[in-house]
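Peer 1: Sending over coords.txt (compact mmCIF, C-alpha atoms).
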# COMPACT_ATOMS: atom_id res chain seq x y z
CA MET R 13 26.16 6.29 15.02
CA LEU R 14 23.75 3.98 13.16
CA LEU R 15 21.23 4.18 16.00
CA LEU R 16 21.43 7.97 15.92
CA TYR R 17 20.79 7.91 12.16
CA LEU R 18 17.79 5.60 12.67
CA ILE R 19 16.29 7.83 15.35
CA PHE R 20 16.75 10.88 13.12
CA SER R 21 15.49 9.26 9.93
CA LEU R 22 12.54 7.39 11.46
CA LYS R 23 10.50 10.44 12.25
CA MET R 24 6.83 11.23 12.27
CA ASN R 25 4.97 12.57 9.25
CA SER R 26 5.98 9.59 7.22
CA VAL R 27 4.64 6.36 5.81
CA VAL R 28 6.29 3.03 6.45
CA GLU R 29 5.62 0.34 3.87
CA ALA R 30 5.81 -3.15 5.37
CA TYR R 31 6.09 -5.90 2.76
CA THR R 32 5.44 -9.49 3.81
CA ASP R 33 5.86 -12.70 1.84
CA GLY R 34 5.97 -16.45 2.22
CA ALA R 35 7.75 -19.12 0.20
CA CYS R 36 7.59 -22.89 0.03
CA LYS R 37 9.88 -25.17 -2.00
CA LYS R 38 7.25 -27.90 -2.19
CA ASN R 39 3.72 -27.46 -0.98
CA PRO R 40 3.88 -28.84 1.67
CA GLY R 41 7.61 -28.77 2.21
CA PRO R 42 10.41 -26.53 3.44
CA GLY R 43 9.22 -22.94 3.72
CA GLY R 44 10.19 -19.45 4.74
CA TRP R 45 8.71 -16.04 5.50
CA GLY R 46 10.18 -12.60 5.00
CA ILE R 47 9.35 -9.04 5.98
CA VAL R 48 10.92 -5.78 4.89
CA LEU R 49 10.13 -2.24 6.00
CA ILE R 50 10.67 0.63 3.60
CA GLN R 51 10.60 4.32 4.38
CA ASN R 52 11.46 7.13 1.96
CA ASN R 53 12.24 4.50 -0.73
CA ALA R 54 14.93 2.84 1.40
CA GLU R 55 14.98 -0.46 3.26
CA ILE R 56 15.11 0.25 6.98
CA TYR R 57 14.54 -3.24 8.44
CA HIS R 58 14.17 -6.86 7.42
CA ALA R 59 13.68 -10.23 9.06
CA TYR R 60 13.15 -13.78 7.90
CA GLY R 61 12.66 -17.29 9.21
CA GLY R 62 11.06 -20.57 8.28
CA GLU R 63 10.03 -24.12 9.02
CA PRO R 64 11.19 -27.46 7.60
CA HIS R 65 7.67 -28.79 6.89
CA THR R 66 4.95 -26.27 6.14
CA THR R 67 2.75 -24.80 3.41
CA ASN R 68 2.94 -21.61 1.41
CA ASN R 69 -0.21 -20.24 3.06
CA ARG R 70 1.25 -20.84 6.55
CA MET R 71 4.37 -18.91 5.55
CA GLU R 72 2.31 -16.01 4.12
CA ILE R 73 0.33 -15.86 7.38
CA SER R 74 3.52 -16.20 9.44
CA ALA R 75 5.10 -13.19 7.73
CA ILE R 76 2.15 -10.99 8.70
CA LEU R 77 2.08 -12.50 12.19
CA VAL R 78 5.77 -11.80 12.82
CA LEU R 79 5.38 -8.20 11.65
CA LEU R 80 2.36 -7.63 13.91
CA LYS R 81 4.08 -9.30 16.85
CA LEU R 82 7.16 -7.09 16.41
CA LEU R 83 5.01 -3.96 16.21
CA HIS R 84 3.00 -5.01 19.27
CA THR R 85 5.71 -6.35 21.58
CA LYS R 86 8.69 -4.29 20.34
CA GLN R 87 10.89 -7.36 21.00
CA ASP R 88 13.43 -6.00 18.53
CA LYS R 89 15.06 -2.72 19.65
CA PHE R 90 14.47 -1.29 16.17
CA PHE R 91 10.74 -1.17 16.91
CA GLU R 92 11.36 0.90 20.04
CA VAL R 93 12.57 3.79 17.85
CA LEU R 94 10.36 3.28 14.80
CA LYS R 95 8.09 6.29 14.29
CA PHE R 96 5.47 6.78 11.59
CA ASP R 97 2.19 8.45 10.84
CA LYS R 98 0.89 5.57 8.72
CA LEU R 99 2.02 1.99 8.26
CA VAL R 100 0.76 0.00 5.28
CA ILE R 101 1.15 -3.77 5.20
CA PHE R 102 1.62 -5.06 1.65
CA SER R 103 1.09 -8.71 0.74
CA ASP R 104 0.76 -10.70 -2.46
CA SER R 105 -1.65 -13.04 -0.65
CA MET R 106 -5.18 -11.77 -1.11
CA LEU R 107 -6.30 -14.63 1.15
CA CYS R 108 -4.33 -13.13 4.04
CA LEU R 109 -5.50 -9.59 3.40
CA GLN R 110 -9.19 -10.48 2.99
CA THR R 111 -9.03 -12.52 6.18
CA ILE R 112 -8.01 -9.49 8.26
CA ALA R 113 -9.39 -6.49 6.31
CA ALA R 114 -12.78 -5.74 4.79
CA LYS R 115 -11.74 -4.22 1.46
CA PRO R 116 -8.09 -4.65 0.47
CA THR R 117 -7.24 -3.55 -3.06
CA ALA R 118 -4.18 -3.07 -5.24
CA THR R 119 -4.96 0.58 -5.98
CA GLU R 120 -4.86 2.16 -2.52
CA PRO R 121 -4.40 1.17 1.11
CA TYR R 122 -7.41 0.08 3.13
CA PHE R 123 -7.20 1.58 6.61
CA PHE R 124 -8.99 -0.11 9.49
CA LYS R 125 -12.13 1.46 10.93
CA SER R 126 -11.88 0.05 14.47
CA ALA R 127 -9.43 -1.78 16.71
CA GLU R 128 -10.44 -5.20 15.45
CA CYS R 129 -10.10 -7.32 12.39
CA ASP R 130 -12.95 -6.57 10.00
CA GLY R 131 -12.30 -9.14 7.28
CA TRP R 132 -13.45 -12.75 7.01
CA MET R 133 -11.93 -13.54 10.39
CA LYS R 134 -14.63 -11.48 12.08
CA LYS R 135 -17.22 -14.04 10.91
CA TRP R 136 -14.88 -16.98 11.47
CA LYS R 137 -14.65 -16.14 15.17
CA LEU R 138 -18.45 -16.34 15.48
CA THR R 139 -18.31 -19.94 14.22
CA GLU R 140 -15.20 -20.72 16.29
CA TYR R 141 -13.20 -21.08 13.06
CA LYS R 142 -15.25 -24.10 11.99
CA ASP R 143 -13.69 -25.86 8.98
CA LYS R 144 -10.91 -23.26 8.68
CA LYS R 145 -7.23 -24.08 8.17
CA ASN R 146 -4.30 -22.59 10.08
CA VAL R 147 -6.48 -21.59 13.01
CA ASP R 148 -3.47 -21.57 15.34
CA LEU R 149 -1.86 -18.81 13.28
CA TRP R 150 -5.05 -16.85 12.60
CA LYS R 151 -5.84 -16.61 16.32
CA LYS R 152 -2.37 -15.14 16.94
CA VAL R 153 -2.76 -12.73 14.02
CA ASP R 154 -6.08 -11.58 15.48
CA LYS R 155 -4.55 -11.04 18.93
CA HIS R 156 -1.56 -9.05 17.68
CA LEU R 157 -3.54 -7.10 15.05
CA THR R 158 -5.98 -5.96 17.73
CA LYS R 159 -3.09 -4.81 19.94
CA VAL R 160 -1.38 -3.00 17.04
CA LEU R 161 -4.62 -1.24 16.09
CA GLU R 162 -5.12 -0.18 19.72
CA MET R 163 -1.52 1.06 20.05
CA TYR R 164 -1.23 3.02 16.80
CA GLY R 165 -4.88 3.76 16.01
CA PRO R 166 -6.86 1.88 13.37
CA SER R 167 -6.82 4.75 10.89
CA ASN R 168 -3.00 4.66 10.91
CA ILE R 169 -2.66 0.98 9.94
CA GLY R 170 -3.56 -0.14 6.45
CA VAL R 171 -3.25 -3.08 4.10
CA GLN R 172 -2.78 -3.22 0.36
CA TYR R 173 -2.47 -6.01 -2.18
CA VAL R 174 0.61 -6.14 -4.37
CA LYS R 175 0.94 -8.54 -7.28
CA GLY R 176 3.71 -11.04 -6.64
CA HIS R 177 6.73 -11.25 -8.94
CA SER R 178 5.78 -8.01 -10.68
CA LYS R 179 9.05 -6.10 -10.23
CA ASN R 180 7.79 -4.27 -7.15
CA PHE R 181 10.87 -3.30 -5.12
CA GLY R 182 9.39 -4.05 -1.69
CA ASN R 183 7.66 -7.27 -2.69
CA ASP R 184 10.80 -8.51 -4.47
CA LEU R 185 12.83 -7.89 -1.29
CA ALA R 186 10.26 -9.65 0.91
CA ASP R 187 10.29 -12.59 -1.53
CA LYS R 188 14.11 -12.67 -1.42
CA TYR R 189 14.09 -12.77 2.39
CA ALA R 190 11.30 -15.39 2.45
CA ASN R 191 13.45 -17.62 0.24
CA GLU R 192 16.47 -17.00 2.49
CA GLY R 193 14.31 -18.09 5.41
CA VAL R 194 13.46 -21.49 3.92
CA VAL R 195 14.43 -24.17 6.43
CA TYR R 196 15.50 -27.54 5.14
CA GLU R 197 15.48 -30.65 7.31
CA LEU R 198 18.97 -31.99 8.05
Written as structure tokens, that's how I'd like the structure from this file.

Peer 2:
Amino acid sequence: MLLLYLIFSLKMNSVVEAYTDGACKKNPGPGGWGIVLIQNNAEIYHAYGGEPHTTNNRMEISAILVLLKLLHTKQDKFFEVLKFDKLVIFSDSMLCLQTIAAKPTATEPYFFKSAECDGWMKKWKLTEYKDKKNVDLWKKVDKHLTKVLEMYGPSNIGVQYVKGHSKNFGNDLADKYANEGVVYEL
């Protein structure tokens, strides 16, 4: 019955808001990432995870990476039935957004112009990521973002900045899940 509801409610002509967030209890230290998808003002999906020794930036990047990987590979059955006209990725990390997109803002979504990253990463690749941190994650983000843009069309995938801890429903949920994902060493 739930699957039938999902198939019916996840229809075209709609926008899915994908909120991503990272958390770290010390920096570096135990950390977590969280994602939540919202459609028609209702949570339709969430996921979280973490690592015992990491940084906040790695968890912010990981949240976006997991979302892109799920959209690209459809490893979770939910993503096999997810339908949308537009998907906007929200993050409170301007670093992450500027790395993948040319002009992210808080006022409106920035939609991609082509099937490749057009933010700072475009230049980073030319220098083989010289002097950049978290290259292992950024290369995976680039791979999955390119595939997502090819699959759904660049003009259907956007990014938008959201101020953290500002009583934004989606960002608050992503933050909650990121904190639930924090992994402590035993």

Peer 1: Find the distance between atom CA of Ser74 of chain R and atom CA of Asn53 of chain R and write it in Å to one decimal.

Peer 2: 24.7 Å

Peer 1: Could you list, with a cut-off of 8 Å and counting only C-alpha atoms, the residues of segment 19-59 of chain R near segment 171-185 of chain R, each shown with its nearest atom pair and the distance in Å rounded to one decimal, rows sorted by chain and ascending number, as a Markdown table?

Peer 2:
| residue | atom | partner | partner_atom | distance |
| --- | --- | --- | --- | --- |
| R:Ala30 | CA | R:Gly182 | CA | 8.0 |
| R:Tyr31 | CA | R:Asn183 | CA | 5.8 |
| R:Thr32 | CA | R:Asn183 | CA | 7.2 |
| R:Asp33 | CA | R:Asn183 | CA | 7.3 |
| R:Val48 | CA | R:Leu185 | CA | 6.8 |
| R:Leu49 | CA | R:Gly182 | CA | 7.9 |
| R:Ile50 | CA | R:Gly182 | CA | 7.2 |

Peer 1: For a quick check of understanding, using all atoms listed in the file, which of R:Met163, R:Val28, R:Leu149, R:Val194 has the smallest distance to Asp97 of chain R?

Peer 2: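 Looking at the shortest contact to Asp97 of chain R, the residue is R:Val28.
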
Peer 1: Using all atoms listed in the file, can you tell me which of R:Gly165, R:Ser26, R:Leu99, R:Trp136 comes closest to Thr111 of chain R?

Peer 2: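 That would be R:Trp136, the residue with the smallest distance to Thr111 of chain R.
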
Peer 1: Got a sec: who's within 6 Å of Trp45 of chain R, counting all atoms listed in the file, leaving out chain neighbours fewer than 3 positions off, as a PyMOL selection string?

Peer 2: chain R and resi 33-34+60-62+71+75+190+193

Peer 1: Which residue gives the smallest distance to Phe91 of chain R among R:Lys152, R:Lys134, R:Tyr196, R:His58, with all atoms listed in the file counted?

Peer 2: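 Among the listed residues, the smallest separation from Phe91 of chain R belongs to R:His58.
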
Peer 1: Calculated over only C-alpha atoms, which of the candidates R:Gly44, R:Gly131, R:Asp154, R:Leu83 has the smallest distance to Phe96 of chain R?

Peer 2: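 That would be R:Leu83, the residue with the smallest distance to Phe96 of chain R.
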
Peer 1: Tell me which of R:Lys151, R:Lys95, R:Lys125, R:Lys137 sits closest to Ile73 of chain R, counting all atoms listed in the file.

Peer 2: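 Between R:Lys151, R:Lys95, R:Lys125, R:Lys137, the residue approaching Ile73 of chain R most closely is R:Lys151.
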
Peer 1: With distances taken over only C-alpha atoms, which residue among R:Ala59, R:Ala54, R:Ile76, R:Leu157 lies nearest Leu107 of chain R?

Peer 2: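 Closest to Leu107 of chain R of all the choices is R:Ile76.
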